[in-house]
Amino acid sequence: MRVILASASPRRLELLRNIGFDVMVYPADFTESGGGKEPAEETVLANAVGKCRAVRAVCGDNVPVIAADTVVVIDEMILGKPAGKEVAEEMLRRLSGREHRVLTGVAVCYKGRETTDVCETRVFFRSLTEDEISAYVATGEPLDKAGAYGIQGKGTLLVEKINGCYNNVVGLPLTCLYSMLRKLGVNI
């Protein structure tokens with residue numbers, strides 16, 4: 001099945017290809033909201049919908065257009081992608097030894113219809129030493145990931161356990177997406 005991914009995320013692309021989709025990548029020309037006073041769920045959903053609609057306006061929706069936005073939330077604060085090494089280290093200190101939520105807003109447009117959802121996974125970090133934080137940030141892996149870690153890479157060593165969808169933490173909750181596509185009549 002052919003789909004359009006409204007994202008340049010290599011992780012989302014890989015997840016979709018792993019389940020057999022023929023993916024056309026078309027990053028959205030959309031400025032994401034970093035979140036303000038609205039709940040994180042509203043932020044990720046608005047960003048996903050904005051990206052999906054921006055790509056649909058250019059590419060149409062004769063094939064499903066899939067967009068997503070993922071954030072890490074702790075103490076009701078959204079942790080997006082860190083602006084640099086110091087910010088990444090601070091994020092990891094905040095997550096160390098604690099539970100946080102990973103939220104992904106997903107939007108799909110197809111043949112004039114649209115469906116949306118927000119998936120939540122709870123992630124538990126083990127306690128990290130300063131040396132572990134510095135060494136992980138030095139790998140460069142945290143710099144392009146929400147919350148400054150990638151569970152699919154070396155960041156897996158920071159995670160003690162999760163409660164929910166693993167693929168959501170990577171950036172695209174595939175089971176949720178499958179249900180959304182089925183709702184729109186897409187046979188996979």
# chains A, B, ... in the order shown; residues from 1 in each chain; ligands from 1
call {"tool": "residues_around", "arguments": {"residues": "stretch 49-65 of chain A", "least_positions_apart": "6", "cutoff": "9 Å", "atoms": "only C-alpha atoms", "output": "list in words"}}
result
Met1, Arg2, Val3, Ile4, Leu5, Ala6, Ser7, Tyr26, Pro27, Ala28, Asp29, Phe30, Thr31, Glu32, Gly105, Val106, Ala107, Val108, Cys109, Tyr110, Lys111, Gly112, Arg113, Glu114, Thr116, Leu181 and Val186 of chain A
call {"tool": "residues_around", "arguments": {"residues": "stretch 121-130 of chain A", "least_positions_apart": "4", "cutoff": "8 Å", "atoms": "only C-alpha atoms", "output": "PyMOL selection string"}}
result
chain A and resi 93+95-103+134+158-166+168-169
call {"tool": "write_last_selection", "arguments": {"atoms": "C-alpha atoms", "output": "PDB file, in the first residue's frame"}}
result
ATOM      1  CA  ARG A  93      18.796  14.963  34.412  1.00  0.00           C
ATOM      2  CA  LEU A  95      14.101  12.335  33.386  1.00  0.00           C
ATOM      3  CA  SER A  96      16.659  10.406  35.474  1.00  0.00           C
ATOM      4  CA  GLY A  97      15.057   7.967  37.927  1.00  0.00           C
ATOM      5  CA  ARG A  98      11.543   9.092  37.014  1.00  0.00           C
ATOM      6  CA  GLU A  99       8.476   8.260  34.986  1.00  0.00           C
ATOM      7  CA  HIS A 100       7.396  10.422  32.055  1.00  0.00           C
ATOM      8  CA  ARG A 101       4.825  10.286  29.275  1.00  0.00           C
ATOM      9  CA  VAL A 102       5.483  10.066  25.548  1.00  0.00           C
ATOM     10  CA  LEU A 103       2.605  11.464  23.526  1.00  0.00           C
ATOM     11  CA  SER A 134      27.589  13.240  29.390  1.00  0.00           C
ATOM     12  CA  LEU A 158      18.433   4.576  29.949  1.00  0.00           C
ATOM     13  CA  VAL A 159      14.971   3.005  30.029  1.00  0.00           C
ATOM     14  CA  GLU A 160      14.048   0.689  32.876  1.00  0.00           C
ATOM     15  CA  LYS A 161      10.583  -0.211  31.566  1.00  0.00           C
ATOM     16  CA  ILE A 162       7.648   1.079  29.533  1.00  0.00           C
ATOM     17  CA  ASN A 163       3.897   0.813  29.842  1.00  0.00           C
ATOM     18  CA  GLY A 164       2.254   1.113  26.437  1.00  0.00           C
ATOM     19  CA  CYS A 165       3.260   1.088  22.795  1.00  0.00           C
ATOM     20  CA  TYR A 166       7.007   0.836  22.134  1.00  0.00           C
ATOM     21  CA  ASN A 168       4.951   5.294  20.036  1.00  0.00           C
ATOM     22  CA  VAL A 169       8.188   6.076  21.871  1.00  0.00           C
TER      23      VAL A 169
END
call {"tool": "atom_distance", "arguments": {"atom1": "atom CA of A:Lys145", "atom2": "atom CA of A:Tyr178"}}
result
23.7 Å
call {"tool": "closest_residue", "arguments": {"among": "A:Leu13, A:Ile151, A:Ala135, A:Met24", "to": "A:Ala88", "atoms": "only C-alpha atoms"}}
result
A:Ala135
call {"tool": "select_by_dssp", "arguments": {"residues": "stretch 7-47 of chain A", "states": "helix (DSSP H, G or I)", "output": "PyMOL selection string"}}
result
chain A and resi 10-18+40-47
call {"tool": "write_last_selection", "arguments": {"atoms": "N, CA and C atoms", "output": "PDB file, in the first residue's frame"}}
result
ATOM      1  N   PRO A  10      13.447   9.783   9.822  1.00  0.00           N
ATOM      2  CA  PRO A  10      13.892   8.471   9.342  1.00  0.00           C
ATOM      3  C   PRO A  10      13.299   7.338  10.179  1.00  0.00           C
ATOM      4  N   ARG A  11      12.988   7.595  11.433  1.00  0.00           N
ATOM      5  CA  ARG A  11      12.404   6.557  12.289  1.00  0.00           C
ATOM      6  C   ARG A  11      10.977   6.231  11.855  1.00  0.00           C
ATOM      7  N   ARG A  12      10.194   7.246  11.567  1.00  0.00           N
ATOM      8  CA  ARG A  12       8.819   7.004  11.100  1.00  0.00           C
ATOM      9  C   ARG A  12       8.833   6.292   9.754  1.00  0.00           C
ATOM     10  N   LEU A  13       9.719   6.719   8.870  1.00  0.00           N
ATOM     11  CA  LEU A  13       9.844   6.074   7.565  1.00  0.00           C
ATOM     12  C   LEU A  13      10.177   4.589   7.731  1.00  0.00           C
ATOM     13  N   GLU A  14      11.138   4.291   8.574  1.00  0.00           N
ATOM     14  CA  GLU A  14      11.525   2.893   8.795  1.00  0.00           C
ATOM     15  C   GLU A  14      10.374   2.073   9.372  1.00  0.00           C
ATOM     16  N   LEU A  15       9.641   2.631  10.334  1.00  0.00           N
ATOM     17  CA  LEU A  15       8.511   1.901  10.917  1.00  0.00           C
ATOM     18  C   LEU A  15       7.470   1.569   9.852  1.00  0.00           C
ATOM     19  N   LEU A  16       7.147   2.538   8.999  1.00  0.00           N
ATOM     20  CA  LEU A  16       6.146   2.293   7.952  1.00  0.00           C
ATOM     21  C   LEU A  16       6.643   1.270   6.933  1.00  0.00           C
ATOM     22  N   ARG A  17       7.903   1.361   6.569  1.00  0.00           N
ATOM     23  CA  ARG A  17       8.454   0.373   5.619  1.00  0.00           C
ATOM     24  C   ARG A  17       8.493  -1.018   6.235  1.00  0.00           C
ATOM     25  N   ASN A  18       8.757  -1.105   7.528  1.00  0.00           N
ATOM     26  CA  ASN A  18       8.822  -2.399   8.207  1.00  0.00           C
ATOM     27  C   ASN A  18       7.496  -3.146   8.171  1.00  0.00           C
ATOM     28  N   ALA A  40      -0.561  19.123  26.648  1.00  0.00           N
ATOM     29  CA  ALA A  40       0.342  18.533  25.655  1.00  0.00           C
ATOM     30  C   ALA A  40      -0.422  17.733  24.612  1.00  0.00           C
ATOM     31  N   GLU A  41      -1.493  17.073  25.023  1.00  0.00           N
ATOM     32  CA  GLU A  41      -2.294  16.292  24.076  1.00  0.00           C
ATOM     33  C   GLU A  41      -2.830  17.186  22.963  1.00  0.00           C
ATOM     34  N   GLU A  42      -3.280  18.387  23.315  1.00  0.00           N
ATOM     35  CA  GLU A  42      -3.795  19.322  22.314  1.00  0.00           C
ATOM     36  C   GLU A  42      -2.677  19.811  21.389  1.00  0.00           C
ATOM     37  N   THR A  43      -1.495  20.011  21.947  1.00  0.00           N
ATOM     38  CA  THR A  43      -0.357  20.483  21.153  1.00  0.00           C
ATOM     39  C   THR A  43       0.037  19.459  20.095  1.00  0.00           C
ATOM     40  N   VAL A  44       0.228  18.197  20.504  1.00  0.00           N
ATOM     41  CA  VAL A  44       0.662  17.182  19.528  1.00  0.00           C
ATOM     42  C   VAL A  44      -0.417  16.934  18.479  1.00  0.00           C
ATOM     43  N   LEU A  45      -1.668  17.001  18.890  1.00  0.00           N
ATOM     44  CA  LEU A  45      -2.751  16.787  17.937  1.00  0.00           C
ATOM     45  C   LEU A  45      -2.823  17.937  16.934  1.00  0.00           C
ATOM     46  N   ALA A  46      -2.715  19.169  17.418  1.00  0.00           N
ATOM     47  CA  ALA A  46      -2.749  20.327  16.516  1.00  0.00           C
ATOM     48  C   ALA A  46      -1.575  20.286  15.539  1.00  0.00           C
ATOM     49  N   ASN A  47      -0.396  19.898  16.012  1.00  0.00           N
ATOM     50  CA  ASN A  47       0.766  19.809  15.126  1.00  0.00           C
ATOM     51  C   ASN A  47       0.580  18.717  14.073  1.00  0.00           C
TER      52      ASN A  47
END
call {"tool": "select_by_dssp", "arguments": {"residues": "stretch 100-140 of chain A", "states": "strand (DSSP E)", "output": "list in words"}}
result
His100, Arg101, Val102, Leu103, Thr104, Gly105, Val106, Ala107, Val108, Cys109, Tyr110, Arg113, Glu114, Thr115, Thr116, Asp117, Val118, Cys119, Glu120, Thr121, Arg122, Val123, Phe124 and Phe125 of chain A
call {"tool": "atom_distance", "arguments": {"atom1": "atom CA of A:Gly140", "atom2": "atom CA of A:Gly34"}}
result
22.1 Å
call {"tool": "residues_around", "arguments": {"residues": "A:Ala148", "least_positions_apart": "2", "cutoff": "9 Å", "atoms": "only C-alpha atoms", "output": "PyMOL selection string"}}
result
chain A and resi 72+79-82+87-89+91-92+137+141-146+150+155
call {"tool": "write_last_selection", "arguments": {"atoms": "N, CA, C and O atoms", "output": "PDB file, in the first residue's frame"}}
result
ATOM      1  N   VAL A  72       7.823  14.430  24.707  1.00  0.00           N
ATOM      2  CA  VAL A  72       7.993  13.837  26.029  1.00  0.00           C
ATOM      3  C   VAL A  72       7.415  14.840  27.024  1.00  0.00           C
ATOM      4  O   VAL A  72       7.644  16.042  26.905  1.00  0.00           O
ATOM      5  N   LEU A  79       8.877  18.386  26.678  1.00  0.00           N
ATOM      6  CA  LEU A  79      10.280  18.343  26.283  1.00  0.00           C
ATOM      7  C   LEU A  79      10.316  17.948  24.810  1.00  0.00           C
ATOM      8  O   LEU A  79      10.077  16.802  24.463  1.00  0.00           O
ATOM      9  N   GLY A  80      10.614  18.900  23.970  1.00  0.00           N
ATOM     10  CA  GLY A  80      10.742  18.619  22.544  1.00  0.00           C
ATOM     11  C   GLY A  80      12.170  18.225  22.231  1.00  0.00           C
ATOM     12  O   GLY A  80      12.881  17.659  23.066  1.00  0.00           O
ATOM     13  N   LYS A  81      12.621  18.551  21.043  1.00  0.00           N
ATOM     14  CA  LYS A  81      14.010  18.283  20.665  1.00  0.00           C
ATOM     15  C   LYS A  81      14.908  19.320  21.333  1.00  0.00           C
ATOM     16  O   LYS A  81      14.603  20.515  21.300  1.00  0.00           O
ATOM     17  N   PRO A  82      16.011  18.891  21.934  1.00  0.00           N
ATOM     18  CA  PRO A  82      16.883  19.850  22.626  1.00  0.00           C
ATOM     19  C   PRO A  82      17.589  20.785  21.644  1.00  0.00           C
ATOM     20  O   PRO A  82      17.950  20.390  20.547  1.00  0.00           O
ATOM     21  N   VAL A  87      21.177  21.641  26.843  1.00  0.00           N
ATOM     22  CA  VAL A  87      19.737  21.424  27.025  1.00  0.00           C
ATOM     23  C   VAL A  87      19.450  19.923  27.090  1.00  0.00           C
ATOM     24  O   VAL A  87      18.640  19.475  27.907  1.00  0.00           O
ATOM     25  N   ALA A  88      20.104  19.139  26.242  1.00  0.00           N
ATOM     26  CA  ALA A  88      19.927  17.683  26.266  1.00  0.00           C
ATOM     27  C   ALA A  88      20.327  17.118  27.623  1.00  0.00           C
ATOM     28  O   ALA A  88      19.612  16.278  28.198  1.00  0.00           O
ATOM     29  N   GLU A  89      21.450  17.570  28.152  1.00  0.00           N
ATOM     30  CA  GLU A  89      21.890  17.092  29.467  1.00  0.00           C
ATOM     31  C   GLU A  89      20.879  17.446  30.550  1.00  0.00           C
ATOM     32  O   GLU A  89      20.566  16.618  31.408  1.00  0.00           O
ATOM     33  N   MET A  91      17.639  17.942  30.167  1.00  0.00           N
ATOM     34  CA  MET A  91      16.460  17.094  29.981  1.00  0.00           C
ATOM     35  C   MET A  91      16.694  15.711  30.589  1.00  0.00           C
ATOM     36  O   MET A  91      15.831  15.169  31.282  1.00  0.00           O
ATOM     37  N   LEU A  92      17.862  15.143  30.317  1.00  0.00           N
ATOM     38  CA  LEU A  92      18.158  13.802  30.832  1.00  0.00           C
ATOM     39  C   LEU A  92      18.251  13.799  32.356  1.00  0.00           C
ATOM     40  O   LEU A  92      17.822  12.838  33.008  1.00  0.00           O
ATOM     41  N   VAL A 137      25.074  12.036  25.683  1.00  0.00           N
ATOM     42  CA  VAL A 137      24.934  13.254  24.892  1.00  0.00           C
ATOM     43  C   VAL A 137      26.087  13.375  23.898  1.00  0.00           C
ATOM     44  O   VAL A 137      25.886  13.801  22.753  1.00  0.00           O
ATOM     45  N   GLU A 141      23.285  11.272  19.600  1.00  0.00           N
ATOM     46  CA  GLU A 141      21.969  10.662  19.401  1.00  0.00           C
ATOM     47  C   GLU A 141      20.810  11.483  19.976  1.00  0.00           C
ATOM     48  O   GLU A 141      19.760  11.589  19.335  1.00  0.00           O
ATOM     49  N   PRO A 142      20.967  12.104  21.132  1.00  0.00           N
ATOM     50  CA  PRO A 142      19.819  12.801  21.727  1.00  0.00           C
ATOM     51  C   PRO A 142      19.434  14.109  21.050  1.00  0.00           C
ATOM     52  O   PRO A 142      18.357  14.638  21.309  1.00  0.00           O
ATOM     53  N   LEU A 143      20.268  14.641  20.183  1.00  0.00           N
ATOM     54  CA  LEU A 143      20.077  16.001  19.709  1.00  0.00           C
ATOM     55  C   LEU A 143      18.917  16.211  18.743  1.00  0.00           C
ATOM     56  O   LEU A 143      18.458  17.331  18.562  1.00  0.00           O
ATOM     57  N   ASP A 144      18.422  15.146  18.131  1.00  0.00           N
ATOM     58  CA  ASP A 144      17.274  15.329  17.220  1.00  0.00           C
ATOM     59  C   ASP A 144      16.052  14.537  17.661  1.00  0.00           C
ATOM     60  O   ASP A 144      15.208  14.176  16.859  1.00  0.00           O
ATOM     61  N   LYS A 145      15.962  14.302  18.975  1.00  0.00           N
ATOM     62  CA  LYS A 145      14.865  13.480  19.477  1.00  0.00           C
ATOM     63  C   LYS A 145      14.155  14.168  20.636  1.00  0.00           C
ATOM     64  O   LYS A 145      14.791  14.748  21.513  1.00  0.00           O
ATOM     65  N   ALA A 146      12.840  14.077  20.638  1.00  0.00           N
ATOM     66  CA  ALA A 146      12.056  14.630  21.736  1.00  0.00           C
ATOM     67  C   ALA A 146      12.509  14.019  23.057  1.00  0.00           C
ATOM     68  O   ALA A 146      12.714  12.808  23.146  1.00  0.00           O
ATOM     69  N   GLY A 150      16.673   8.409  22.336  1.00  0.00           N
ATOM     70  CA  GLY A 150      16.079   7.531  21.338  1.00  0.00           C
ATOM     71  C   GLY A 150      16.025   6.119  21.888  1.00  0.00           C
ATOM     72  O   GLY A 150      17.068   5.497  22.074  1.00  0.00           O
ATOM     73  N   GLY A 155      19.876   4.979  23.622  1.00  0.00           N
ATOM     74  CA  GLY A 155      18.983   5.437  24.679  1.00  0.00           C
ATOM     75  C   GLY A 155      18.189   4.326  25.333  1.00  0.00           C
ATOM     76  O   GLY A 155      17.647   4.495  26.428  1.00  0.00           O
TER      77      GLY A 155
END
call {"tool": "atom_distance", "arguments": {"atom1": "atom CA of A:Pro173", "atom2": "atom CA of A:Asp75"}}
result
22.8 Å
call {"tool": "closest_residue", "arguments": {"among": "A:Ala68, A:Val118, A:Thr175, A:Val170", "to": "A:Gly147", "atoms": "only C-alpha atoms"}}
result
A:Val170
call {"tool": "closest_residue", "arguments": {"among": "A:Ser179, A:Arg94, A:Asp22, A:Ser9", "to": "A:Ile133", "atoms": "only C-alpha atoms"}}
result
A:Arg94
